[in-house]
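> Before I ask anything, here is the structure I am working with.
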Number of protein chains: 2
Amino acid sequence: MAKQPPVAIVFDTFGTVVDWRTSLIADLTAYATTRGVTADWPALVDAWRAAYQPSMQRVRSGEQPWTTLDNLHRASLDRLVAEFGIKGLSEADLAHINLGWHQLKPWPDAVPGLTRLKARFIIGPLSNGNVALLLNMAKAAGIPWDMIFGSDLFGHFKPDPETYLGVSRLLNLRPEQVMMAAAHNGDLAAARNCGLQTAFFPRPSEYGPRQERDYKAESDWDIVATDIQDMATQLGV
Amino acid sequence: MAKQPPVAIVFDTFGTVVDWRTSLIADLTAYATTRGVTADWPALVDAWRAAYQPSMQRVRSGEQPWTTLDNLHRASLDRLVAEFGIKGLSEADLAHINLGWHQLKPWPDAVPGLTRLKARFIIGPLSNGNVALLLNMAKAAGIPWDMIFGSDLFGHFKPDPETYLGVSRLLNLRPEQVMMAAAHNGDLAAARNCGLQTAFFPRPSEYGPRQERDYKAESDWDIVATDIQDMATQLGV
């Protein structure tokens, strides 16, 4: 029997809605030029993102108390600037660079696709980003979220079940009335384990030339689409 | 010295943004007619709202553990239906009537004024309502919030400081970068005590013919306006 359509759809954000790698490389390169600082910025961005999961894992495991992603990003940046031997960045520069995550640009299909979906569904990010990061991003990029589900609302990072189930609790919906949409099979597997519906579309250039996974759906997700516009079409809006 | 403009503006909702009394009386009267149930619906609505503060006070005082406003509303409704001797309402009817709070109508200036403010400021409700209530209301009425600050995010009802300070924490702003807007002087006094900026405009018909207070600003709030449109004008948007 076909499932009922969801009432709410929540979206992974980094990679799924916004192109963090292209955005950050462009932002850092332009900013560093104005500051007269040189470095291999694409390599720094890739290393920064590579620090993402290990930094959250220290929180998930209990080794480190709850810390927002903004603060994890900053700690990783400080370490990498030292490791890369980058000189000449002030405290204000580092604070500015860290806020690059608040200014990421959406993939071209994201805002038009989300605008269509918003007409029928509650839509929001369900991201490891904190509310301030996700909200500033939405304001800058015109992403029309109804509600911002930052990880700081739950004190947990995905794939901890408190995040997926936290959305259904705050919306007073059953888990199967919520759909998780992501370009990452692992996120969807965790959401499905919590009872959510699932939607996948690939972002094959998310990690640049060295992408290693998530080129295609690895399970029978409820929706498999080419992008958010196609997802809206499949949902009949 | 004049203060800096706020970055975010949060709005009390019941009475300030939406006209709960007119909305609920119209909704209950129409619904009860279809169900063939008669009662003094304006009196029931006034009694229901009169139960609002005492029901939250039991949570604030610790007499009762954290309970969403949806659940407090339902408990009050059940008691009042019995007290008023209203017969013939099924469980589904009572659930439907309780969801009337999710469908309240905005005052005429609210959506156009908020739309103007959204162009320059982060805007959201800071209400004793829970996220599901406030989000369903926004979707039904087209209220263009950036983020929904329901009381269930904080596990506290206003005027507990955890609510006002919770907004500044989630937005990573200092309290003075947040403005509280309300048609209720008491709400603003509590917000000012937490360091927030304040904006007042009166809603003299909120409580109908028996309104007893909040006809005018009772302190030197940072903004005193006639409504949300005037508030937008005073803020230069």
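We label chains A, B, ... in the order they appear in the structure tokens, count residues from 1 in each chain, and number ligands from 1 in the order shown.
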Show me, as a short mmCIF file (atom, residue, chain, number, x, y, z; two decimals) with C-alpha atoms, in the first residue's frame, every residue of chain A with an atom at most 7 Å from chain B, counting only C-alpha atoms.


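Once written, result-v8.cif looks like this:
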data_model
loop_
_atom_site.label_atom_id
_atom_site.label_comp_id
_atom_site.auth_asym_id
_atom_site.auth_seq_id
_atom_site.Cartn_x
_atom_site.Cartn_y
_atom_site.Cartn_z
CA VAL A 131 19.86 27.89 14.31
CA ALA A 132 21.84 31.12 13.85
CA ASP A 146 8.84 27.64 7.56
CA MET A 147 10.90 26.66 10.60
CA ILE A 148 14.59 26.16 11.35
CA LEU A 153 17.27 22.70 19.43
CA LEU A 170 7.94 19.69 17.84
CA LEU A 171 5.50 19.43 14.94
CA ASN A 172 3.17 17.11 16.88
#

> Write out as a PyMOL selection string all residues of region 1-235 of chain B that DSSP puts in helix (DSSP H, G or I) for this structure's backbone.

chain B and resi 20-35+41-50+52-60+69-83+91-103+110-118+131-141+151-153+161-171+175-177+185-193+208-210+228-234

> If you take only C-alpha atoms and a cut-off of 9 Å, which residues of region 143-187 of chain B touch region 45-65 of chain B, and what are their nearest atom pairs and distances in Å to one decimal, in chain and number order, as a Markdown table?


| residue | atom | partner | partner_atom | distance |
| --- | --- | --- | --- | --- |
| B:His156 | CA | B:Arg60 | CA | 7.1 |
| B:Phe157 | CA | B:Arg60 | CA | 6.9 |
| B:Lys158 | CA | B:Arg60 | CA | 8.9 |
| B:Asp160 | CA | B:Arg60 | CA | 7.8 |

> Which parts of region 34-132 of chain A does DSSP call strand (DSSP E or B) when run on the backbone here, written out as a list of chain:residue names?

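Those in region 34-132 of chain A that DSSP calls strand (DSSP E or B) are A:Pro106, A:Ile122, A:Ile123, A:Gly124, A:Pro125, A:Leu126.
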
> Selected residues, C-alpha atoms, written as an mmCIF file, in the first residue's frame, please.


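What follows is the written file again-v7.cif:
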data_model
loop_
_atom_site.group_PDB
_atom_site.id
_atom_site.type_symbol
_atom_site.label_atom_id
_atom_site.label_comp_id
_atom_site.auth_asym_id
_atom_site.auth_seq_id
_atom_site.Cartn_x
_atom_site.Cartn_y
_atom_site.Cartn_z
ATOM 1 C CA PRO A 106 22.036 27.187 -2.784
ATOM 2 C CA ILE A 122 5.815 22.414 6.046
ATOM 3 C CA ILE A 123 9.483 22.730 5.055
ATOM 4 C CA GLY A 124 12.593 23.239 7.138
ATOM 5 C CA PRO A 125 16.256 22.354 7.355
ATOM 6 C CA LEU A 126 17.218 19.474 9.653
#

> In Å to one decimal, how far is CA of Val178 (chain A) from CA of Ala8 (chain A)?

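CA of Ala8 (chain A) sits 4.9 Å away from CA of Val178 (chain A).
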
> What lies within 12 Å of Leu94 (chain A) using only C-alpha atoms, ignoring chain neighbours under 6 positions off, as a list in words?

Leu28, Tyr31, Ala32, Arg35, His73, Arg74, Ala75, Ser76, Leu77, Asp78, Arg79, Leu80, Val81, Ala82, Ile86, Lys87, Gly88 and Gly100 of chain A

> At a cut-off of 10 Å, using only C-alpha atoms, what residues contact Arg192 (chain A)? Leave out same-chain residues fewer than 6 positions from it and give the result as an mmCIF file with N, CA and C atoms, in the first residue's frame.


data_model
loop_
_atom_site.group_PDB
_atom_site.id
_atom_site.type_symbol
_atom_site.label_atom_id
_atom_site.label_comp_id
_atom_site.auth_asym_id
_atom_site.auth_seq_id
_atom_site.Cartn_x
_atom_site.Cartn_y
_atom_site.Cartn_z
ATOM 1 N N TYR A 164 15.863 13.459 14.419
ATOM 2 C CA TYR A 164 14.717 13.123 13.562
ATOM 3 C C TYR A 164 13.420 13.085 14.380
ATOM 4 N N PRO A 175 6.139 10.083 13.255
ATOM 5 C CA PRO A 175 7.359 10.070 12.421
ATOM 6 C C PRO A 175 7.074 9.864 10.934
ATOM 7 N N GLU A 176 6.116 9.015 10.602
ATOM 8 C CA GLU A 176 5.853 8.740 9.177
ATOM 9 C C GLU A 176 5.157 9.906 8.479
ATOM 10 N N MET A 179 9.015 13.656 6.248
ATOM 11 C CA MET A 179 9.938 13.107 5.254
ATOM 12 C C MET A 179 11.292 13.795 5.393
ATOM 13 N N MET A 180 12.355 12.991 5.424
ATOM 14 C CA MET A 180 13.722 13.506 5.418
ATOM 15 C C MET A 180 14.222 13.475 3.988
ATOM 16 N N GLY A 186 23.382 7.808 4.098
ATOM 17 C CA GLY A 186 23.498 7.490 5.524
ATOM 18 C C GLY A 186 22.509 8.271 6.375
ATOM 19 N N THR A 198 11.467 9.084 3.350
ATOM 20 C CA THR A 198 12.799 9.464 2.860
ATOM 21 C C THR A 198 12.755 9.890 1.400
ATOM 22 N N TRP A 221 14.501 4.234 -1.219
ATOM 23 C CA TRP A 221 13.924 5.417 -0.573
ATOM 24 C C TRP A 221 12.554 5.726 -1.154
ATOM 25 N N ASP A 222 11.709 6.362 -0.371
ATOM 26 C CA ASP A 222 10.330 6.603 -0.821
ATOM 27 C C ASP A 222 10.295 7.445 -2.089
#

> Looking at only C-alpha atoms, which of B:Phe14, B:Ser205, B:Thr22, B:Pro5 is the one that sits closest to Val237 (chain B)?

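Selected residue with least distance to Val237 (chain B): B:Pro5.
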
> How far is it from CA of Ser23 (chain B) to CA of Leu104 (chain B), in Å with one decimal?

5.4 Å
